[in-house]
$ cat query_17.txt   # compact mmCIF, N, CA and C atoms
# COMPACT_ATOMS: atom_id res chain seq x y z
N MET K 22 -99.96 -132.33 68.08
CA MET K 22 -100.54 -133.65 68.09
C MET K 22 -101.71 -133.72 69.07
N ILE K 23 -102.61 -134.64 68.76
CA ILE K 23 -103.77 -134.84 69.63
C ILE K 23 -103.40 -135.85 70.70
N SER K 24 -103.79 -135.57 71.92
CA SER K 24 -103.44 -136.47 73.02
C SER K 24 -104.17 -137.80 72.88
N ARG K 25 -103.61 -138.79 73.49
CA ARG K 25 -104.14 -140.16 73.40
C ARG K 25 -105.55 -140.24 74.00
N SER K 26 -105.80 -139.56 75.11
CA SER K 26 -107.13 -139.62 75.74
C SER K 26 -108.19 -138.93 74.88
N LEU K 27 -107.80 -137.86 74.18
CA LEU K 27 -108.74 -137.18 73.30
C LEU K 27 -109.09 -138.07 72.12
N GLN K 28 -108.11 -138.76 71.58
CA GLN K 28 -108.36 -139.69 70.49
C GLN K 28 -109.30 -140.81 70.93
N THR K 29 -109.06 -141.32 72.12
CA THR K 29 -109.91 -142.39 72.65
C THR K 29 -111.34 -141.89 72.85
N SER K 30 -111.48 -140.69 73.40
CA SER K 30 -112.81 -140.12 73.63
C SER K 30 -113.54 -139.91 72.31
N MET K 31 -112.84 -139.39 71.31
CA MET K 31 -113.46 -139.16 70.02
C MET K 31 -113.85 -140.48 69.37
N GLY K 32 -113.03 -141.48 69.51
CA GLY K 32 -113.34 -142.80 68.96
C GLY K 32 -114.56 -143.42 69.61
N LEU K 33 -114.64 -143.33 70.94
CA LEU K 33 -115.81 -143.86 71.64
C LEU K 33 -117.07 -143.11 71.25
N ALA K 34 -116.99 -141.78 71.15
CA ALA K 34 -118.14 -140.99 70.75
C ALA K 34 -118.63 -141.40 69.37
N PHE K 35 -117.69 -141.65 68.45
CA PHE K 35 -118.04 -142.08 67.10
C PHE K 35 -118.73 -143.44 67.13
N VAL K 36 -118.19 -144.37 67.90
CA VAL K 36 -118.77 -145.71 67.99
C VAL K 36 -120.18 -145.65 68.57
N PHE K 37 -120.39 -144.86 69.62
CA PHE K 37 -121.72 -144.74 70.21
C PHE K 37 -122.71 -144.06 69.27
N ALA K 38 -122.24 -143.08 68.51
CA ALA K 38 -123.12 -142.40 67.57
C ALA K 38 -123.54 -143.32 66.43
N ILE K 39 -122.64 -144.12 65.94
CA ILE K 39 -122.94 -145.04 64.85
C ILE K 39 -123.78 -146.21 65.35
N GLY K 40 -123.52 -146.68 66.55
CA GLY K 40 -124.20 -147.85 67.08
C GLY K 40 -125.52 -147.56 67.75
N ALA K 41 -125.90 -146.29 67.86
CA ALA K 41 -127.16 -145.95 68.53
C ALA K 41 -128.33 -146.44 67.70
N PRO K 42 -129.31 -147.07 68.33
CA PRO K 42 -130.47 -147.56 67.57
C PRO K 42 -131.33 -146.39 67.09
N VAL K 43 -131.84 -146.55 65.91
CA VAL K 43 -132.73 -145.54 65.35
C VAL K 43 -134.15 -145.99 65.61
N THR K 44 -134.93 -145.20 66.36
CA THR K 44 -136.27 -145.61 66.73
C THR K 44 -137.34 -145.02 65.83
N ALA K 45 -137.02 -144.01 65.04
CA ALA K 45 -138.01 -143.41 64.17
C ALA K 45 -138.29 -144.33 62.99
N SER K 46 -139.55 -144.44 62.64
CA SER K 46 -139.90 -145.25 61.49
C SER K 46 -140.65 -144.40 60.48
N ALA K 47 -140.52 -144.75 59.25
CA ALA K 47 -141.15 -143.98 58.18
C ALA K 47 -142.63 -144.33 58.10
N VAL K 48 -143.42 -143.35 57.74
CA VAL K 48 -144.85 -143.55 57.55
C VAL K 48 -145.05 -144.07 56.12
N THR K 49 -145.83 -145.12 55.98
CA THR K 49 -146.06 -145.67 54.65
C THR K 49 -147.02 -144.78 53.86
N VAL K 50 -147.02 -144.94 52.57
CA VAL K 50 -147.89 -144.15 51.70
C VAL K 50 -149.35 -144.43 52.02
N GLU K 51 -149.67 -145.69 52.28
CA GLU K 51 -151.07 -146.05 52.57
C GLU K 51 -151.55 -145.37 53.84
N VAL K 52 -150.71 -145.37 54.88
CA VAL K 52 -151.09 -144.73 56.14
C VAL K 52 -151.23 -143.22 55.95
N ALA K 53 -150.33 -142.63 55.20
CA ALA K 53 -150.40 -141.18 54.96
C ALA K 53 -151.68 -140.82 54.22
N ARG K 54 -152.04 -141.59 53.20
CA ARG K 54 -153.26 -141.30 52.45
C ARG K 54 -154.50 -141.50 53.31
N ALA K 55 -154.52 -142.57 54.09
CA ALA K 55 -155.68 -142.83 54.95
C ALA K 55 -155.84 -141.73 55.99
N CYS K 56 -154.74 -141.29 56.58
CA CYS K 56 -154.81 -140.24 57.60
C CYS K 56 -155.17 -138.90 56.99
N ASP K 57 -154.68 -138.62 55.79
CA ASP K 57 -155.03 -137.37 55.12
C ASP K 57 -156.53 -137.33 54.82
N ALA K 58 -157.08 -138.45 54.34
CA ALA K 58 -158.52 -138.51 54.06
C ALA K 58 -159.34 -138.38 55.35
N ALA K 59 -158.90 -139.05 56.41
CA ALA K 59 -159.62 -138.97 57.68
C ALA K 59 -159.56 -137.56 58.26
N LEU K 60 -158.42 -136.90 58.11
CA LEU K 60 -158.26 -135.53 58.61
C LEU K 60 -159.17 -134.58 57.85
N ALA K 61 -159.25 -134.75 56.52
CA ALA K 61 -160.12 -133.90 55.71
C ALA K 61 -161.59 -134.11 56.06
N LYS K 62 -161.95 -135.34 56.43
CA LYS K 62 -163.34 -135.64 56.80
C LYS K 62 -163.66 -135.09 58.19
N ALA K 63 -162.72 -135.23 59.12
CA ALA K 63 -162.94 -134.78 60.49
C ALA K 63 -162.89 -133.26 60.61
N TYR K 64 -162.02 -132.62 59.84
CA TYR K 64 -161.85 -131.17 59.88
C TYR K 64 -161.98 -130.61 58.46
N PRO K 65 -163.22 -130.48 57.97
CA PRO K 65 -163.41 -130.03 56.59
C PRO K 65 -163.00 -128.56 56.42
N PRO K 66 -162.74 -128.16 55.16
CA PRO K 66 -162.37 -126.76 54.91
C PRO K 66 -163.56 -125.84 55.20
N LYS K 67 -163.27 -124.63 55.64
CA LYS K 67 -164.33 -123.67 55.93
C LYS K 67 -165.01 -123.21 54.65
N GLN K 68 -164.25 -123.10 53.58
CA GLN K 68 -164.79 -122.70 52.29
C GLN K 68 -164.18 -123.62 51.24
N ILE K 69 -165.04 -124.42 50.59
CA ILE K 69 -164.56 -125.38 49.60
C ILE K 69 -163.84 -124.66 48.46
N GLY K 70 -162.67 -125.14 48.11
CA GLY K 70 -161.91 -124.59 47.01
C GLY K 70 -161.04 -123.40 47.36
N ASN K 71 -161.07 -122.97 48.61
CA ASN K 71 -160.25 -121.83 49.03
C ASN K 71 -159.38 -122.25 50.20
N PRO K 72 -158.16 -122.70 49.94
CA PRO K 72 -157.29 -123.15 51.02
C PRO K 72 -156.93 -122.03 52.00
N ALA K 73 -157.00 -120.78 51.56
CA ALA K 73 -156.67 -119.67 52.43
C ALA K 73 -157.73 -119.45 53.50
N ALA K 74 -158.92 -120.01 53.32
CA ALA K 74 -160.00 -119.84 54.30
C ALA K 74 -159.75 -120.66 55.56
N GLY K 75 -158.90 -121.68 55.46
CA GLY K 75 -158.59 -122.50 56.63
C GLY K 75 -159.54 -123.68 56.76
N SER K 76 -159.37 -124.42 57.84
CA SER K 76 -160.18 -125.60 58.10
C SER K 76 -160.79 -125.50 59.48
N ALA K 77 -161.77 -126.35 59.72
CA ALA K 77 -162.39 -126.42 61.04
C ALA K 77 -161.36 -126.92 62.05
N GLY K 78 -161.52 -126.52 63.28
CA GLY K 78 -160.60 -126.97 64.33
C GLY K 78 -159.34 -126.14 64.40
N THR K 79 -158.68 -126.24 65.53
CA THR K 79 -157.43 -125.51 65.72
C THR K 79 -156.27 -126.33 65.17
N VAL K 80 -155.15 -125.70 65.03
CA VAL K 80 -153.96 -126.39 64.52
C VAL K 80 -153.56 -127.51 65.48
N LYS K 81 -153.66 -127.27 66.77
CA LYS K 81 -153.31 -128.30 67.76
C LYS K 81 -154.24 -129.50 67.65
N GLU K 82 -155.54 -129.25 67.47
CA GLU K 82 -156.50 -130.35 67.34
C GLU K 82 -156.19 -131.18 66.09
N ARG K 83 -155.90 -130.51 64.98
CA ARG K 83 -155.60 -131.21 63.74
C ARG K 83 -154.30 -132.01 63.87
N ARG K 84 -153.28 -131.42 64.49
CA ARG K 84 -151.99 -132.10 64.67
C ARG K 84 -152.16 -133.32 65.57
N ASP K 85 -152.93 -133.18 66.67
CA ASP K 85 -153.15 -134.31 67.57
C ASP K 85 -153.92 -135.43 66.86
N TYR K 86 -154.91 -135.05 66.06
CA TYR K 86 -155.70 -136.03 65.32
C TYR K 86 -154.81 -136.80 64.34
N LEU K 87 -153.96 -136.06 63.62
CA LEU K 87 -153.07 -136.69 62.65
C LEU K 87 -152.05 -137.60 63.35
N SER K 88 -151.51 -137.16 64.48
CA SER K 88 -150.56 -137.98 65.23
C SER K 88 -151.21 -139.27 65.71
N LYS K 89 -152.46 -139.16 66.19
CA LYS K 89 -153.19 -140.33 66.67
C LYS K 89 -153.45 -141.29 65.51
N CYS K 90 -153.80 -140.74 64.35
CA CYS K 90 -154.06 -141.57 63.17
C CYS K 90 -152.80 -142.31 62.74
N VAL K 91 -151.68 -141.63 62.67
CA VAL K 91 -150.42 -142.25 62.27
C VAL K 91 -150.00 -143.31 63.28
N ALA K 92 -150.19 -143.02 64.57
CA ALA K 92 -149.82 -143.98 65.61
C ALA K 92 -150.67 -145.26 65.52
N ASN K 93 -151.92 -145.13 65.02
CA ASN K 93 -152.81 -146.28 64.89
C ASN K 93 -152.81 -146.87 63.48
N ASN K 94 -151.79 -146.57 62.70
CA ASN K 94 -151.63 -147.09 61.34
C ASN K 94 -152.81 -146.77 60.43
N GLY K 95 -153.31 -145.54 60.52
CA GLY K 95 -154.36 -145.07 59.62
C GLY K 95 -155.77 -145.32 60.09
N LYS K 96 -155.92 -145.87 61.27
CA LYS K 96 -157.26 -146.14 61.80
C LYS K 96 -157.52 -145.20 62.97
N VAL K 97 -158.63 -144.46 62.90
CA VAL K 97 -158.99 -143.55 63.98
C VAL K 97 -160.39 -143.87 64.46
N ASP K 98 -160.62 -143.60 65.71
CA ASP K 98 -161.94 -143.79 66.31
C ASP K 98 -162.65 -142.45 66.28
N ASP K 99 -163.67 -142.31 65.43
CA ASP K 99 -164.37 -141.05 65.28
C ASP K 99 -165.62 -140.96 66.17
N ALA K 100 -165.68 -141.77 67.22
CA ALA K 100 -166.82 -141.71 68.13
C ALA K 100 -166.79 -140.38 68.88
N PRO K 101 -167.95 -139.83 69.19
CA PRO K 101 -167.98 -138.58 69.95
C PRO K 101 -167.28 -138.73 71.30
N ALA K 102 -166.55 -137.72 71.69
CA ALA K 102 -165.75 -137.79 72.92
C ALA K 102 -166.63 -137.81 74.17
N ASP K 103 -167.82 -137.20 74.12
CA ASP K 103 -168.65 -137.11 75.31
C ASP K 103 -169.52 -138.35 75.53
N ALA K 104 -169.61 -139.26 74.58
CA ALA K 104 -170.41 -140.47 74.74
C ALA K 104 -169.56 -141.56 75.39
N PRO K 105 -170.00 -142.09 76.54
CA PRO K 105 -169.24 -143.17 77.16
C PRO K 105 -169.29 -144.42 76.30
N LYS K 106 -168.23 -145.21 76.30
CA LYS K 106 -168.12 -146.37 75.44
C LYS K 106 -169.05 -147.50 75.88
N ASP K 107 -169.40 -147.55 77.14
CA ASP K 107 -170.27 -148.62 77.63
C ASP K 107 -171.71 -148.16 77.81
N ALA K 108 -172.10 -147.08 77.13
CA ALA K 108 -173.45 -146.55 77.24
C ALA K 108 -174.44 -147.54 76.65
N LYS K 109 -175.52 -147.77 77.36
CA LYS K 109 -176.57 -148.66 76.90
C LYS K 109 -177.80 -147.83 76.54
N ALA K 110 -178.57 -148.32 75.62
CA ALA K 110 -179.78 -147.60 75.22
C ALA K 110 -180.77 -147.60 76.38
N LYS K 111 -181.27 -146.42 76.68
CA LYS K 111 -182.25 -146.31 77.77
C LYS K 111 -183.63 -146.47 77.20
N LYS K 112 -184.50 -147.11 77.98
CA LYS K 112 -185.88 -147.33 77.55
C LYS K 112 -186.79 -146.30 78.09
$ encode --input "query_17.txt" --output "structure tokens"
Amino acid sequence: MISRSLQTSMGLAFVFAIGAPVTASAVTVEVARACDAALAKAYPPKQIGNPAAGSAGTVKERRDYLSKCVANNGKVDDAPADAPKDAKAKK
């Protein structure tokens, strides 16, 4: 027989596992399509029509770009990284 304390522990573990909030959310089709198009524009293929040729940028850069796009619901800021946001036109 299983001891009473083991049964209690297993029961509590089950309750906590079932009652734990799920924080992951699914990506919608619209966001996935928008991010896929933005990724293809930002990191074009090295040779059109040849997927084996690869794409511009490293895998880490592409993954970070895609993560940022998904986090912003399909909207990405494609401004150059070296240009300050408050830059004014010089005369």
$ atom_distance --input "query_17.txt" --atom1 "atom C of Ser88 in chain K" --atom2 "atom N of Ile39 in chain K"
29.0 Å
$ atom_distance --input "query_17.txt" --atom1 "atom C of Lys81 in chain K" --atom2 "CA of Ala59 in chain K"
14.8 Å
$ closest_residue --input "query_17.txt" --among "K:Ala47, K:Met31, K:Cys90, K:Ala77" --to "Ala63 in chain K" --atoms "only C-alpha atoms"
K:Ala77
$ closest_residue --input "query_17.txt" --among "K:Pro65, K:Leu60, K:Ser26, K:Ala55" --to "Arg84 in chain K" --atoms "only C-alpha atoms"
K:Leu60
$ atom_distance --input "query_17.txt" --atom1 "atom C of Val52 in chain K" --atom2 "CA of Gly95 in chain K"
5.2 Å
$ residues_near_point --input "query_17.txt" --point "(-162.7, -128.1, 58.6)" --cutoff "7 Å" --atoms "only N, CA and C atoms" --output "PyMOL selection string"
chain K and resi 61+63-67+75-78
$ closest_residue --input "query_17.txt" --among "K:Asn71, K:Thr79, K:Gln28, K:Asn94" --to "Val50 in chain K" --atoms "only C-alpha atoms"
K:Asn94
$ build_atoms --input "query_17.txt" --residues "range 86-97 of chain K" --atoms "all heavy atoms" --output "PDB file, keeping the file's coordinate frame"
ATOM      1  N   TYR K  86    -154.910-135.050  66.060  1.00  0.00           N
ATOM      2  CA  TYR K  86    -155.700-136.030  65.320  1.00  0.00           C
ATOM      3  C   TYR K  86    -154.810-136.800  64.340  1.00  0.00           C
ATOM      4  O   TYR K  86    -154.877-138.023  64.250  1.00  0.00           O
ATOM      5  CB  TYR K  86    -156.828-135.316  64.570  1.00  0.00           C
ATOM      6  CG  TYR K  86    -157.801-136.236  63.885  1.00  0.00           C
ATOM      7  CD1 TYR K  86    -158.911-136.733  64.557  1.00  0.00           C
ATOM      8  CD2 TYR K  86    -157.624-136.612  62.558  1.00  0.00           C
ATOM      9  CE1 TYR K  86    -159.812-137.574  63.931  1.00  0.00           C
ATOM     10  CE2 TYR K  86    -158.513-137.454  61.933  1.00  0.00           C
ATOM     11  CZ  TYR K  86    -159.610-137.931  62.620  1.00  0.00           C
ATOM     12  OH  TYR K  86    -160.493-138.770  61.998  1.00  0.00           O
ATOM     13  N   LEU K  87    -153.960-136.060  63.620  1.00  0.00           N
ATOM     14  CA  LEU K  87    -153.070-136.690  62.650  1.00  0.00           C
ATOM     15  C   LEU K  87    -152.050-137.600  63.350  1.00  0.00           C
ATOM     16  O   LEU K  87    -151.782-138.708  62.892  1.00  0.00           O
ATOM     17  CB  LEU K  87    -152.351-135.627  61.823  1.00  0.00           C
ATOM     18  CG  LEU K  87    -151.538-136.127  60.647  1.00  0.00           C
ATOM     19  CD1 LEU K  87    -152.440-136.815  59.625  1.00  0.00           C
ATOM     20  CD2 LEU K  87    -150.809-134.981  59.985  1.00  0.00           C
ATOM     21  N   SER K  88    -151.510-137.160  64.480  1.00  0.00           N
ATOM     22  CA  SER K  88    -150.560-137.980  65.230  1.00  0.00           C
ATOM     23  C   SER K  88    -151.210-139.270  65.710  1.00  0.00           C
ATOM     24  O   SER K  88    -150.619-140.343  65.650  1.00  0.00           O
ATOM     25  CB  SER K  88    -150.022-137.203  66.425  1.00  0.00           C
ATOM     26  OG  SER K  88    -149.295-136.100  65.987  1.00  0.00           O
ATOM     27  N   LYS K  89    -152.460-139.160  66.190  1.00  0.00           N
ATOM     28  CA  LYS K  89    -153.190-140.330  66.670  1.00  0.00           C
ATOM     29  C   LYS K  89    -153.450-141.290  65.510  1.00  0.00           C
ATOM     30  O   LYS K  89    -153.299-142.499  65.655  1.00  0.00           O
ATOM     31  CB  LYS K  89    -154.513-139.891  67.288  1.00  0.00           C
ATOM     32  CG  LYS K  89    -155.376-141.011  67.782  1.00  0.00           C
ATOM     33  CD  LYS K  89    -156.673-140.471  68.344  1.00  0.00           C
ATOM     34  CE  LYS K  89    -157.632-141.589  68.691  1.00  0.00           C
ATOM     35  NZ  LYS K  89    -158.929-141.065  69.119  1.00  0.00           N
ATOM     36  N   CYS K  90    -153.800-140.740  64.350  1.00  0.00           N
ATOM     37  CA  CYS K  90    -154.060-141.570  63.170  1.00  0.00           C
ATOM     38  C   CYS K  90    -152.800-142.310  62.740  1.00  0.00           C
ATOM     39  O   CYS K  90    -152.840-143.506  62.480  1.00  0.00           O
ATOM     40  CB  CYS K  90    -154.583-140.686  62.038  1.00  0.00           C
ATOM     41  SG  CYS K  90    -154.956-141.603  60.534  1.00  0.00           S
ATOM     42  N   VAL K  91    -151.680-141.630  62.670  1.00  0.00           N
ATOM     43  CA  VAL K  91    -150.420-142.250  62.270  1.00  0.00           C
ATOM     44  C   VAL K  91    -150.000-143.310  63.280  1.00  0.00           C
ATOM     45  O   VAL K  91    -149.542-144.388  62.916  1.00  0.00           O
ATOM     46  CB  VAL K  91    -149.323-141.189  62.068  1.00  0.00           C
ATOM     47  CG1 VAL K  91    -147.964-141.831  61.898  1.00  0.00           C
ATOM     48  CG2 VAL K  91    -149.651-140.306  60.875  1.00  0.00           C
ATOM     49  N   ALA K  92    -150.190-143.020  64.570  1.00  0.00           N
ATOM     50  CA  ALA K  92    -149.820-143.980  65.610  1.00  0.00           C
ATOM     51  C   ALA K  92    -150.670-145.260  65.520  1.00  0.00           C
ATOM     52  O   ALA K  92    -150.212-146.336  65.881  1.00  0.00           O
ATOM     53  CB  ALA K  92    -149.981-143.352  66.984  1.00  0.00           C
ATOM     54  N   ASN K  93    -151.920-145.130  65.020  1.00  0.00           N
ATOM     55  CA  ASN K  93    -152.810-146.280  64.890  1.00  0.00           C
ATOM     56  C   ASN K  93    -152.810-146.870  63.480  1.00  0.00           C
ATOM     57  O   ASN K  93    -153.768-147.551  63.092  1.00  0.00           O
ATOM     58  CB  ASN K  93    -154.237-145.882  65.285  1.00  0.00           C
ATOM     59  CG  ASN K  93    -154.348-145.590  66.755  1.00  0.00           C
ATOM     60  OD1 ASN K  93    -153.691-146.213  67.576  1.00  0.00           O
ATOM     61  ND2 ASN K  93    -155.169-144.625  67.106  1.00  0.00           N
ATOM     62  N   ASN K  94    -151.790-146.570  62.700  1.00  0.00           N
ATOM     63  CA  ASN K  94    -151.630-147.090  61.340  1.00  0.00           C
ATOM     64  C   ASN K  94    -152.810-146.770  60.430  1.00  0.00           C
ATOM     65  O   ASN K  94    -153.274-147.618  59.672  1.00  0.00           O
ATOM     66  CB  ASN K  94    -151.373-148.597  61.352  1.00  0.00           C
ATOM     67  CG  ASN K  94    -150.027-148.934  61.904  1.00  0.00           C
ATOM     68  OD1 ASN K  94    -149.071-148.186  61.714  1.00  0.00           O
ATOM     69  ND2 ASN K  94    -149.929-150.041  62.605  1.00  0.00           N
ATOM     70  N   GLY K  95    -153.310-145.540  60.520  1.00  0.00           N
ATOM     71  CA  GLY K  95    -154.360-145.070  59.620  1.00  0.00           C
ATOM     72  C   GLY K  95    -155.770-145.320  60.090  1.00  0.00           C
ATOM     73  O   GLY K  95    -156.724-145.027  59.393  1.00  0.00           O
ATOM     74  N   LYS K  96    -155.920-145.870  61.270  1.00  0.00           N
ATOM     75  CA  LYS K  96    -157.260-146.140  61.800  1.00  0.00           C
ATOM     76  C   LYS K  96    -157.520-145.200  62.970  1.00  0.00           C
ATOM     77  O   LYS K  96    -156.754-145.129  63.909  1.00  0.00           O
ATOM     78  CB  LYS K  96    -157.354-147.586  62.264  1.00  0.00           C
ATOM     79  CG  LYS K  96    -157.195-148.580  61.139  1.00  0.00           C
ATOM     80  CD  LYS K  96    -157.163-149.990  61.669  1.00  0.00           C
ATOM     81  CE  LYS K  96    -156.978-150.992  60.566  1.00  0.00           C
ATOM     82  NZ  LYS K  96    -155.663-150.986  59.974  1.00  0.00           N
ATOM     83  N   VAL K  97    -158.630-144.460  62.900  1.00  0.00           N
ATOM     84  CA  VAL K  97    -158.990-143.550  63.980  1.00  0.00           C
ATOM     85  C   VAL K  97    -160.390-143.870  64.460  1.00  0.00           C
ATOM     86  O   VAL K  97    -161.227-144.356  63.709  1.00  0.00           O
ATOM     87  CB  VAL K  97    -158.911-142.073  63.531  1.00  0.00           C
ATOM     88  CG1 VAL K  97    -157.484-141.649  63.324  1.00  0.00           C
ATOM     89  CG2 VAL K  97    -159.715-141.828  62.289  1.00  0.00           C
TER      90      VAL K  97
END
